[in-house]
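Working notes, beginning with the structure itself.
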There are 2 protein chains.
Amino acid sequence: MNRTVLKGDIVSSESLTEIKTIKNGYICLERGRIVSVSDTLPEEFADAVLYDYSDMLIMQSFCDMHLHAPQYPMLGLGMDLPLVDWLSKYAYPMESRFADPEYARKVYRRLAHDLISHGTTRVAMFSSLHTDSTIVLMEELEKAGITGYVGKVNMDRNGSPILQETTEESKRETLRWLVECSRFTRVKPILTPRFTPSCTDELMRFLGELSRERDLPVQSHISENTSEIEWVKQLRPECEEYWDTYHDSGLWHDRTLMAHCVHSSERERKAIAEYGVTVVHCCNSNTNIASGVMPLRQMLDENLKVVLGSDISGGNTLNGFDVVASTVQTSKVRSIIDNWETDHVNETEAWYLATSAAAPWFGAKAGFAQGNMLHAIVLDDSNLMRKGLSVTERFSRCFYKRQPGSIRAVWSEGEPAYMAD
Amino acid sequence: MNRTVLKGDIVSSESLTEIKTIKNGYICLERGRIVSVSDTLPEEFADAVLYDYSDMLIMQSFCDMHLHAPQYPMLGLGMDLPLVDWLSKYAYPMESRFADPEYARKVYRRLAHDLISHGTTRVAMFSSLHTDSTIVLMEELEKAGITGYVGKVNMDRNGSPILQETTEESKRETLRWLVECSRFTRVKPILTPRFTPSCTDELMRFLGELSRERDLPVQSHISENTSEIEWVKQLRPECEEYWDTYHDSGLWHDRTLMAHCVHSSERERKAIAEYGVTVVHCCNSNTNIASGVMPLRQMLDENLKVVLGSDISGGNTLNGFDVVASTVQTSKVRSIIDNWETDHVNETEAWYLATSAAAPWFGAKAGFAQGNMLHAIVLDDSNLMRKGLSVTERFSRCFYKRQPGSIRAVWSEGEPAYMAD
């Protein structure tokens, strides 16, 4: 019957404001799918294969909903440069190297390993504009046990001589890439116009049409910084606001991920809510590039769908624990900016955004819900001073304090995808 | 002659804006003291004991100039609570446990190990108000090879029933502690009134007198948050500003470390400069407690002496690399708050504040200067993608990206104090 049980101290994100904890609990799986989560072992699982993680935390794994795979080798470089210099000195030359699928293989294998071993099992990721290397990325993610979305980047204007396609190439390669994608089961294609300044109207409309015809999701960037917003106004004077450029092309709908939204106007935020667009909040990147501090609490209060992204390499870490901690800290900074008149999010809320909030993108429900495939991190905190701490306290602390090697195992799609030595 | 040579890729912080790098360089020591730093091995060191760290970075180790040792076990806990609740629920009960020197031994041994193994070799640290446990802390730091200052905390008002002294006790215990301190060679006493609200005028004056008579340095907190400033105004209405309360008691001079200074007025900043007080910037703590964002760039432009502190456990990490990265990020946030009209600090600058800026507190000069005792971290970044990167790029990146175990060795006072397995 392929029954499996995990035993440990369970933490599940039920809603934005609520975690459920069970000390010495049992997660029961049938073919990787959660059948029950309880504080006693159900009789029908008495003979199941037991993974005994007693005294360790079993928590949901992370969903990283915005990151640039080909920027991984430059992580931490050029953090002092303004955006335009950073792109021309590091990002574009870096991405251009992915014309070589062999180089891509080396980098993407490493990236996939680093993601899974840090507890990220689901992603929405930008590749480069190179079709073959994008396929390599999808292969390496799938091999590592990572689920999610990968997009070949479209970019037919305002790139650099070493990193740009013609409109025709971009269309043709996108279609070729989609054919190749059919062989993957866990990693799916997502249409990826880099952002409005990088794509002609013709290309944007082509992608919008493709999204509609083939029911394909979309990811891009929006309202990251003020000069970018001005630039878009110049490029598309007929559009009242930035979001109109996506909406106008059929790229603004409830299967759209939009990274940043730092400077989204009230009207843009309303359009995000109305069309069911998902905001990907990338606080580390926004700070590193000094873009601004997104009003996260306000956007949650306005019922916008918000998930989190590491946004490497504008972001400086792909570690989901660090991303959650930074999200809390950045939200506190927003409170400071708002003269302490707005509230900040806490670890429970930020972790929800990093996990359950993205569940609908993977056909799943919040938390360790019955019917979900298991996506989990097993965290050993026995080497920390934890006497007398509740599971909730240990959970709150883990975003700030971990020992090297504390991630003992990572489960993805119901299977152990990573086991520490 | 006790001659030693370290070979590797050397990075030295010469001034706020300048690092010096030598690829495949040699640091030559005589009895732990730096004789030369060069790109060829001087002939007179040909027979010296060679530590071959080829292809690894040899950089100065960190000075953590503000942290609370007895708060270490609660690191990462209660980060969501307002300051007063955090103190009453976590910090005061935690600190009160250090009435037991055996408990202190256990925690402080761990803390000392974690500091040295993360590359912090010099500190200015708050203990609790317990004399015996303070001695234990000094013993454990000295055993671990850490140099610096430790203060028995003085606190004779506004504490909690479980954590407070009478004025008489505080005076008597301080004198007893100072007698005990005479046995230490590397770790020295620093007078430590917790902050103005915790100390009666009588106690403050006593400590000020002691500082003058025995030429003892002082550490405390100032202008961390706005309600604290209001509180001090109520407690000391005769003082125009917060700093006057320290100055009035003889605790405001060029051997004074003042943590935070987030909300220091122009007049207070002038008094800091005029009296040569050293500001300890603790950005993580200021963010976690939502105190505010210190105008670091402005204070540097005003020629204030600034060093860095982890401020655990208001701060969430004692890792100096993380503290440097956070200092850069928080400075960028300050630029955002200032509508991008002020500039932020970069890694070179923040690392200077974390290393060379504190050198005068230890009778040392900036960088790997001739005559300095060697304080250094050996960082192995061979496991990262680094092909084609300069030493400077590898240096900039290391604050954001390291692998577990990448600290191969830490040298303190001219000796290897930590060696990775």
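Order determines the names: the first chain of the structure tokens is A, the second B, and so forth; residues in each chain are numbered 1 upward, and ligands are numbered 1 upward as they are shown.
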At a cut-off of 7 Å, can you tabulate as JSON lines every residue of chain B near chain A together with its closest atom pair and the distance in Å to one decimal, using only C-alpha atoms and ordering rows by chain then number?
{"residue": "B:Pro73", "atom": "CA", "partner": "A:Met385", "partner_atom": "CA", "distance": 5.9}
{"residue": "B:Gly76", "atom": "CA", "partner": "A:Arg397", "partner_atom": "CA", "distance": 4.5}
{"residue": "B:Leu77", "atom": "CA", "partner": "A:Arg397", "partner_atom": "CA", "distance": 5.4}
{"residue": "B:Asp80", "atom": "CA", "partner": "A:Asn346", "partner_atom": "CA", "distance": 5.8}
{"residue": "B:Thr287", "atom": "CA", "partner": "A:Gln329", "partner_atom": "CA", "distance": 6.1}
{"residue": "B:Asn288", "atom": "CA", "partner": "A:Gln329", "partner_atom": "CA", "distance": 6.0}
{"residue": "B:Ala290", "atom": "CA", "partner": "A:Lys332", "partner_atom": "CA", "distance": 5.6}
{"residue": "B:Gly292", "atom": "CA", "partner": "A:Ile336", "partner_atom": "CA", "distance": 5.8}
{"residue": "B:Asn316", "atom": "CA", "partner": "A:Tyr400", "partner_atom": "CA", "distance": 5.9}
{"residue": "B:Gln329", "atom": "CA", "partner": "A:Asn288", "partner_atom": "CA", "distance": 6.0}
{"residue": "B:Lys332", "atom": "CA", "partner": "A:Ala290", "partner_atom": "CA", "distance": 5.6}
{"residue": "B:Val333", "atom": "CA", "partner": "A:Thr287", "partner_atom": "CA", "distance": 6.3}
{"residue": "B:Ile336", "atom": "CA", "partner": "A:Gly292", "partner_atom": "CA", "distance": 5.8}
{"residue": "B:Ile337", "atom": "CA", "partner": "A:Ile337", "partner_atom": "CA", "distance": 6.7}
{"residue": "B:Asn346", "atom": "CA", "partner": "A:Asp80", "partner_atom": "CA", "distance": 5.8}
{"residue": "B:Met385", "atom": "CA", "partner": "A:Pro73", "partner_atom": "CA", "distance": 6.0}
{"residue": "B:Glu393", "atom": "CA", "partner": "A:Leu77", "partner_atom": "CA", "distance": 6.6}
{"residue": "B:Ser396", "atom": "CA", "partner": "A:Leu77", "partner_atom": "CA", "distance": 6.6}
{"residue": "B:Arg397", "atom": "CA", "partner": "A:Gly76", "partner_atom": "CA", "distance": 4.5}
{"residue": "B:Tyr400", "atom": "CA", "partner": "A:Gly76", "partner_atom": "CA", "distance": 5.2}
{"residue": "B:Lys401", "atom": "CA", "partner": "A:Gly76", "partner_atom": "CA", "distance": 6.3}
{"residue": "B:Pro404", "atom": "CA", "partner": "A:Pro404", "partner_atom": "CA", "distance": 5.9}
Could the residues in this selection be saved with N, CA, C and O atoms as a PDB file, in the first residue's frame?
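Saved the output as result-v7.pdb:
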ATOM      1  N   PRO B  73      20.979  32.498  25.379  1.00  0.00           N
ATOM      2  CA  PRO B  73      20.070  31.354  25.222  1.00  0.00           C
ATOM      3  C   PRO B  73      18.719  31.723  24.602  1.00  0.00           C
ATOM      4  O   PRO B  73      18.015  30.855  24.101  1.00  0.00           O
ATOM      5  N   GLY B  76      16.651  34.861  19.208  1.00  0.00           N
ATOM      6  CA  GLY B  76      15.589  34.525  18.266  1.00  0.00           C
ATOM      7  C   GLY B  76      14.229  34.335  18.880  1.00  0.00           C
ATOM      8  O   GLY B  76      13.264  34.051  18.173  1.00  0.00           O
ATOM      9  N   LEU B  77      14.136  34.500  20.180  1.00  0.00           N
ATOM     10  CA  LEU B  77      12.835  34.320  20.844  1.00  0.00           C
ATOM     11  C   LEU B  77      12.167  35.667  21.111  1.00  0.00           C
ATOM     12  O   LEU B  77      12.836  36.639  21.444  1.00  0.00           O
ATOM     13  N   ASP B  80       8.729  39.139  18.202  1.00  0.00           N
ATOM     14  CA  ASP B  80       7.492  39.817  17.827  1.00  0.00           C
ATOM     15  C   ASP B  80       6.972  40.726  18.935  1.00  0.00           C
ATOM     16  O   ASP B  80       6.028  41.480  18.741  1.00  0.00           O
ATOM     17  N   THR B 287      16.430  47.134  14.191  1.00  0.00           N
ATOM     18  CA  THR B 287      15.346  46.685  13.312  1.00  0.00           C
ATOM     19  C   THR B 287      14.418  45.720  14.035  1.00  0.00           C
ATOM     20  O   THR B 287      13.199  45.872  13.988  1.00  0.00           O
ATOM     21  N   ASN B 288      14.987  44.727  14.722  1.00  0.00           N
ATOM     22  CA  ASN B 288      14.144  43.723  15.376  1.00  0.00           C
ATOM     23  C   ASN B 288      13.206  44.340  16.404  1.00  0.00           C
ATOM     24  O   ASN B 288      12.066  43.897  16.559  1.00  0.00           O
ATOM     25  N   ALA B 290      12.308  47.353  16.250  1.00  0.00           N
ATOM     26  CA  ALA B 290      11.651  48.453  15.533  1.00  0.00           C
ATOM     27  C   ALA B 290      11.938  49.788  16.202  1.00  0.00           C
ATOM     28  O   ALA B 290      11.072  50.656  16.318  1.00  0.00           O
ATOM     29  N   GLY B 292      14.256  52.050  15.196  1.00  0.00           N
ATOM     30  CA  GLY B 292      14.486  53.088  14.202  1.00  0.00           C
ATOM     31  C   GLY B 292      15.683  52.717  13.354  1.00  0.00           C
ATOM     32  O   GLY B 292      16.255  51.645  13.521  1.00  0.00           O
ATOM     33  N   ASN B 316      19.848  39.437  16.239  1.00  0.00           N
ATOM     34  CA  ASN B 316      19.479  38.043  16.035  1.00  0.00           C
ATOM     35  C   ASN B 316      20.629  37.166  15.564  1.00  0.00           C
ATOM     36  O   ASN B 316      20.431  35.991  15.267  1.00  0.00           O
ATOM     37  N   GLN B 329      22.814  46.761   4.417  1.00  0.00           N
ATOM     38  CA  GLN B 329      21.390  46.763   4.044  1.00  0.00           C
ATOM     39  C   GLN B 329      20.617  47.837   4.809  1.00  0.00           C
ATOM     40  O   GLN B 329      19.770  48.530   4.236  1.00  0.00           O
ATOM     41  N   LYS B 332      21.224  51.126   3.430  1.00  0.00           N
ATOM     42  CA  LYS B 332      20.437  51.331   2.205  1.00  0.00           C
ATOM     43  C   LYS B 332      18.994  51.711   2.551  1.00  0.00           C
ATOM     44  O   LYS B 332      18.380  52.547   1.884  1.00  0.00           O
ATOM     45  N   VAL B 333      18.468  51.071   3.585  1.00  0.00           N
ATOM     46  CA  VAL B 333      17.124  51.431   4.042  1.00  0.00           C
ATOM     47  C   VAL B 333      17.085  52.903   4.457  1.00  0.00           C
ATOM     48  O   VAL B 333      16.134  53.622   4.173  1.00  0.00           O
ATOM     49  N   ILE B 336      16.713  54.956   1.518  1.00  0.00           N
ATOM     50  CA  ILE B 336      15.320  54.928   1.063  1.00  0.00           C
ATOM     51  C   ILE B 336      14.493  55.911   1.896  1.00  0.00           C
ATOM     52  O   ILE B 336      13.719  56.713   1.359  1.00  0.00           O
ATOM     53  N   ILE B 337      14.668  55.835   3.233  1.00  0.00           N
ATOM     54  CA  ILE B 337      13.922  56.734   4.122  1.00  0.00           C
ATOM     55  C   ILE B 337      14.227  58.189   3.787  1.00  0.00           C
ATOM     56  O   ILE B 337      13.353  59.051   3.827  1.00  0.00           O
ATOM     57  N   ASN B 346      29.053  50.876   1.950  1.00  0.00           N
ATOM     58  CA  ASN B 346      29.244  49.620   1.225  1.00  0.00           C
ATOM     59  C   ASN B 346      29.971  48.606   2.111  1.00  0.00           C
ATOM     60  O   ASN B 346      30.212  48.862   3.297  1.00  0.00           O
ATOM     61  N   MET B 385      31.537  29.174  -6.534  1.00  0.00           N
ATOM     62  CA  MET B 385      31.926  29.483  -7.906  1.00  0.00           C
ATOM     63  C   MET B 385      32.692  30.805  -7.886  1.00  0.00           C
ATOM     64  O   MET B 385      32.127  31.851  -7.644  1.00  0.00           O
ATOM     65  N   GLU B 393      36.507  41.098  -5.051  1.00  0.00           N
ATOM     66  CA  GLU B 393      35.160  40.558  -5.285  1.00  0.00           C
ATOM     67  C   GLU B 393      34.851  39.423  -4.321  1.00  0.00           C
ATOM     68  O   GLU B 393      33.745  39.329  -3.785  1.00  0.00           O
ATOM     69  N   SER B 396      34.012  41.028  -1.045  1.00  0.00           N
ATOM     70  CA  SER B 396      32.664  41.622  -0.998  1.00  0.00           C
ATOM     71  C   SER B 396      31.597  40.548  -0.877  1.00  0.00           C
ATOM     72  O   SER B 396      30.612  40.713  -0.167  1.00  0.00           O
ATOM     73  N   ARG B 397      31.810  39.445  -1.585  1.00  0.00           N
ATOM     74  CA  ARG B 397      30.798  38.396  -1.597  1.00  0.00           C
ATOM     75  C   ARG B 397      30.693  37.669  -0.268  1.00  0.00           C
ATOM     76  O   ARG B 397      29.608  37.193   0.095  1.00  0.00           O
ATOM     77  N   TYR B 400      27.826  37.902   2.113  1.00  0.00           N
ATOM     78  CA  TYR B 400      26.521  37.417   1.691  1.00  0.00           C
ATOM     79  C   TYR B 400      26.494  35.914   1.483  1.00  0.00           C
ATOM     80  O   TYR B 400      25.468  35.284   1.675  1.00  0.00           O
ATOM     81  N   LYS B 401      27.608  35.361   1.042  1.00  0.00           N
ATOM     82  CA  LYS B 401      27.606  33.944   0.682  1.00  0.00           C
ATOM     83  C   LYS B 401      28.823  33.226   1.244  1.00  0.00           C
ATOM     84  O   LYS B 401      29.964  33.561   0.934  1.00  0.00           O
ATOM     85  N   PRO B 404      28.810  26.375   4.915  1.00  0.00           N
ATOM     86  CA  PRO B 404      29.109  25.909   6.282  1.00  0.00           C
ATOM     87  C   PRO B 404      30.535  25.370   6.329  1.00  0.00           C
ATOM     88  O   PRO B 404      30.986  24.709   5.392  1.00  0.00           O
TER      89      PRO B 404
END
Test item: residues at most 12 Å from Phe206 of chain A, only C-alpha atoms, excluding those fewer than 5 positions along its chain, as a list in words: Asn154, Thr167, Glu168, Ser170, Lys171, Arg172, Thr174, Leu175, Leu191, Thr192, Pro193, Cys199, Thr200, Asp201, Ser211, Arg212, Glu213, Tyr246, Asp248, Ser249, Gly250 and Leu251 of chain A
Could you write out the selected residues, including N, CA, C and O atoms, as a PDB file, in the first residue's frame?
ATOM      1  N   ASN A 154      11.881  36.189 -22.134  1.00  0.00           N
ATOM      2  CA  ASN A 154      11.685  36.888 -23.412  1.00  0.00           C
ATOM      3  C   ASN A 154      12.187  38.318 -23.271  1.00  0.00           C
ATOM      4  O   ASN A 154      11.870  39.004 -22.292  1.00  0.00           O
ATOM      5  N   THR A 167      12.481  39.862 -32.198  1.00  0.00           N
ATOM      6  CA  THR A 167      11.097  39.481 -31.881  1.00  0.00           C
ATOM      7  C   THR A 167      10.796  38.089 -32.449  1.00  0.00           C
ATOM      8  O   THR A 167      10.201  37.242 -31.779  1.00  0.00           O
ATOM      9  N   GLU A 168      11.249  37.872 -33.669  1.00  0.00           N
ATOM     10  CA  GLU A 168      10.994  36.589 -34.320  1.00  0.00           C
ATOM     11  C   GLU A 168      11.647  35.431 -33.569  1.00  0.00           C
ATOM     12  O   GLU A 168      11.039  34.392 -33.321  1.00  0.00           O
ATOM     13  N   SER A 170      12.484  35.352 -30.500  1.00  0.00           N
ATOM     14  CA  SER A 170      11.863  35.185 -29.195  1.00  0.00           C
ATOM     15  C   SER A 170      10.591  34.348 -29.310  1.00  0.00           C
ATOM     16  O   SER A 170      10.356  33.426 -28.518  1.00  0.00           O
ATOM     17  N   LYS A 171       9.788  34.651 -30.334  1.00  0.00           N
ATOM     18  CA  LYS A 171       8.554  33.878 -30.559  1.00  0.00           C
ATOM     19  C   LYS A 171       8.880  32.425 -30.897  1.00  0.00           C
ATOM     20  O   LYS A 171       8.334  31.493 -30.316  1.00  0.00           O
ATOM     21  N   ARG A 172       9.800  32.267 -31.859  1.00  0.00           N
ATOM     22  CA  ARG A 172      10.125  30.933 -32.355  1.00  0.00           C
ATOM     23  C   ARG A 172      10.713  30.062 -31.229  1.00  0.00           C
ATOM     24  O   ARG A 172      10.318  28.925 -31.025  1.00  0.00           O
ATOM     25  N   THR A 174      10.367  30.470 -28.049  1.00  0.00           N
ATOM     26  CA  THR A 174       9.361  30.195 -27.019  1.00  0.00           C
ATOM     27  C   THR A 174       8.521  28.985 -27.420  1.00  0.00           C
ATOM     28  O   THR A 174       8.263  28.087 -26.600  1.00  0.00           O
ATOM     29  N   LEU A 175       8.163  28.932 -28.694  1.00  0.00           N
ATOM     30  CA  LEU A 175       7.361  27.796 -29.167  1.00  0.00           C
ATOM     31  C   LEU A 175       8.178  26.499 -29.125  1.00  0.00           C
ATOM     32  O   LEU A 175       7.680  25.445 -28.711  1.00  0.00           O
ATOM     33  N   LEU A 191       5.249  31.525 -18.796  1.00  0.00           N
ATOM     34  CA  LEU A 191       5.672  32.565 -19.739  1.00  0.00           C
ATOM     35  C   LEU A 191       6.329  33.705 -18.975  1.00  0.00           C
ATOM     36  O   LEU A 191       5.837  34.121 -17.917  1.00  0.00           O
ATOM     37  N   THR A 192       7.460  34.216 -19.541  1.00  0.00           N
ATOM     38  CA  THR A 192       8.313  35.089 -18.753  1.00  0.00           C
ATOM     39  C   THR A 192       8.858  36.283 -19.539  1.00  0.00           C
ATOM     40  O   THR A 192      10.050  36.351 -19.857  1.00  0.00           O
ATOM     41  N   PRO A 193       7.974  37.230 -19.888  1.00  0.00           N
ATOM     42  CA  PRO A 193       8.517  38.491 -20.405  1.00  0.00           C
ATOM     43  C   PRO A 193       9.323  39.140 -19.283  1.00  0.00           C
ATOM     44  O   PRO A 193       8.814  39.274 -18.174  1.00  0.00           O
ATOM     45  N   CYS A 199      10.444  44.139 -23.583  1.00  0.00           N
ATOM     46  CA  CYS A 199       9.616  43.449 -24.583  1.00  0.00           C
ATOM     47  C   CYS A 199       8.801  44.436 -25.402  1.00  0.00           C
ATOM     48  O   CYS A 199       8.097  45.282 -24.852  1.00  0.00           O
ATOM     49  N   THR A 200       8.881  44.247 -26.727  1.00  0.00           N
ATOM     50  CA  THR A 200       8.064  45.069 -27.620  1.00  0.00           C
ATOM     51  C   THR A 200       6.580  44.734 -27.423  1.00  0.00           C
ATOM     52  O   THR A 200       6.240  43.648 -26.946  1.00  0.00           O
ATOM     53  N   ASP A 201       5.725  45.642 -27.835  1.00  0.00           N
ATOM     54  CA  ASP A 201       4.289  45.403 -27.726  1.00  0.00           C
ATOM     55  C   ASP A 201       3.904  44.127 -28.472  1.00  0.00           C
ATOM     56  O   ASP A 201       3.071  43.341 -28.010  1.00  0.00           O
ATOM     57  N   SER A 211      -0.652  32.651 -23.583  1.00  0.00           N
ATOM     58  CA  SER A 211      -1.135  32.365 -22.234  1.00  0.00           C
ATOM     59  C   SER A 211      -2.606  31.970 -22.275  1.00  0.00           C
ATOM     60  O   SER A 211      -3.031  31.008 -21.622  1.00  0.00           O
ATOM     61  N   ARG A 212      -3.381  32.708 -23.076  1.00  0.00           N
ATOM     62  CA  ARG A 212      -4.821  32.452 -23.178  1.00  0.00           C
ATOM     63  C   ARG A 212      -5.093  31.109 -23.880  1.00  0.00           C
ATOM     64  O   ARG A 212      -5.791  30.256 -23.362  1.00  0.00           O
ATOM     65  N   GLU A 213      -4.435  30.928 -25.022  1.00  0.00           N
ATOM     66  CA  GLU A 213      -4.673  29.715 -25.829  1.00  0.00           C
ATOM     67  C   GLU A 213      -4.307  28.440 -25.089  1.00  0.00           C
ATOM     68  O   GLU A 213      -5.017  27.447 -25.146  1.00  0.00           O
ATOM     69  N   TYR A 246       0.732  45.245 -18.995  1.00  0.00           N
ATOM     70  CA  TYR A 246       0.534  43.788 -18.954  1.00  0.00           C
ATOM     71  C   TYR A 246      -0.918  43.424 -19.266  1.00  0.00           C
ATOM     72  O   TYR A 246      -1.202  42.499 -20.024  1.00  0.00           O
ATOM     73  N   ASP A 248      -3.113  45.070 -20.951  1.00  0.00           N
ATOM     74  CA  ASP A 248      -3.346  45.363 -22.358  1.00  0.00           C
ATOM     75  C   ASP A 248      -2.928  44.203 -23.260  1.00  0.00           C
ATOM     76  O   ASP A 248      -3.471  43.999 -24.347  1.00  0.00           O
ATOM     77  N   SER A 249      -1.947  43.417 -22.810  1.00  0.00           N
ATOM     78  CA  SER A 249      -1.416  42.328 -23.633  1.00  0.00           C
ATOM     79  C   SER A 249      -1.967  40.963 -23.227  1.00  0.00           C
ATOM     80  O   SER A 249      -1.512  39.937 -23.733  1.00  0.00           O
ATOM     81  N   GLY A 250      -2.880  40.942 -22.291  1.00  0.00           N
ATOM     82  CA  GLY A 250      -3.432  39.648 -21.864  1.00  0.00           C
ATOM     83  C   GLY A 250      -2.540  38.902 -20.894  1.00  0.00           C
ATOM     84  O   GLY A 250      -2.623  37.682 -20.744  1.00  0.00           O
ATOM     85  N   LEU A 251      -1.653  39.656 -20.205  1.00  0.00           N
ATOM     86  CA  LEU A 251      -0.703  39.011 -19.294  1.00  0.00           C
ATOM     87  C   LEU A 251      -1.029  39.313 -17.827  1.00  0.00           C
ATOM     88  O   LEU A 251      -0.182  39.115 -16.954  1.00  0.00           O
TER      89      LEU A 251
END
List every residue of segment 260-346 of chain A that DSSP, applied to the backbone of this structure, places in alpha helix (DSSP H), and write the result as a compact mmCIF listing (two decimals) with C-alpha atoms, in the first residue's frame.
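The file below, out06.txt, is the result:
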# COMPACT_ATOMS: atom_id res chain seq x y z
CA GLU A 266 -3.60 52.50 -5.10
CA ARG A 267 -5.09 51.90 -8.54
CA GLU A 268 -2.47 49.28 -9.36
CA ARG A 269 -3.05 47.52 -6.04
CA LYS A 270 -6.78 47.48 -6.78
CA ALA A 271 -6.08 45.95 -10.19
CA ILE A 272 -3.91 43.30 -8.53
CA ALA A 273 -6.78 42.38 -6.22
CA GLU A 274 -9.45 42.58 -8.89
CA TYR A 275 -7.66 40.33 -11.38
CA CYS A 283 12.40 42.11 0.48
CA ASN A 284 16.12 41.34 0.34
CA SER A 285 16.38 42.35 -3.26
CA ASN A 286 14.37 45.51 -2.66
CA THR A 287 16.76 46.46 0.13
CA ASN A 288 19.98 45.48 -1.66
CA LEU A 296 3.42 44.46 3.10
CA ARG A 297 0.96 44.88 5.97
CA GLN A 298 -1.17 47.25 3.94
CA MET A 299 -1.25 44.86 1.00
CA LEU A 300 -2.30 41.97 3.24
CA ASP A 301 -4.98 44.18 4.79
CA GLY A 320 14.07 30.33 3.04
CA PHE A 321 14.65 30.71 6.77
CA ASP A 322 16.65 33.87 6.11
CA VAL A 323 14.01 35.13 3.69
CA VAL A 324 11.32 34.75 6.35
CA ALA A 325 13.44 36.54 8.96
CA SER A 326 14.21 39.33 6.50
CA THR A 327 10.55 39.66 5.63
CA VAL A 328 9.73 40.23 9.30
CA GLN A 329 12.61 42.68 9.67
CA THR A 330 11.72 44.60 6.52
CA SER A 331 8.13 44.80 7.67
CA LYS A 332 9.38 46.31 10.92
CA VAL A 333 11.33 48.83 8.90
CA ARG A 334 8.10 49.70 7.13
CA SER A 335 6.51 50.33 10.54
CA ILE A 336 9.41 52.65 11.35
CA ILE A 337 8.95 54.47 8.04
Residue neighbourhood segment 353-355 of chain B, 6 Å, only C-alpha atoms, exclusion window fewer than 3 positions, as a PyMOL selection string: chain B and resi 62-63+307-308+350+358
Contacts of Asp47 of chain B at 12 Å (only C-alpha atoms; same-chain gap of 5+ positions) as number ranges by chain: B: 1-5, 28, 41-42
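Distances to Thr121 of chain B were evaluated for B:Ala359, B:Ile10, B:Ala366, B:Val49 using only C-alpha atoms, and the minimum falls at B:Ala359.
Among the candidates A:Leu207, A:His66, A:Ala48, A:Ser160, the one nearest to Val84 of chain A when counting only C-alpha atoms is A:Ser160.
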Distance query His221 of chain B at most 7 Å, only C-alpha atoms, self and fewer than 5 positions along chain excluded, as an MDAnalysis selection string: chainID B and resid 194:195 258:260
Strand (DSSP E or B) per DSSP on the backbone: members of segment 175-398 of chain B, as a VMD selection string: chain B and resid 187 to 189 191 to 193 218 to 222 256 to 260 278 to 281 305 to 308 312 315 373 376 to 379
Selected residue, from A:Glu228, A:Lys89, A:Ala69, A:His281, that lies nearest to Lys152 of chain A when counting only C-alpha atoms: A:Ala69
Residue neighbourhood segment 56-61 of chain B, 10 Å, only C-alpha atoms, exclusion window fewer than 5 positions, as number ranges by chain: B: 6-13, 21-27, 116, 118-122, 320-321, 351-352, 354-356, 366-368, 374-382, 391, 394-395, 398, 406-412
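Picture a line from atom CA of Asn383 of chain A to atom CA of Tyr418 of chain A; it runs 20.4 Å.
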Selected residue, from B:Glu413, B:Asp100, B:Trp361, B:Trp231, that lies nearest to Ala144 of chain B when counting only C-alpha atoms: B:Glu413
Shell around Ala99 of chain B at 9 Å using only C-alpha atoms, local window under 3 positions removed, as a PyMOL selection string: chain B and resi 95-96+102-104+128-133
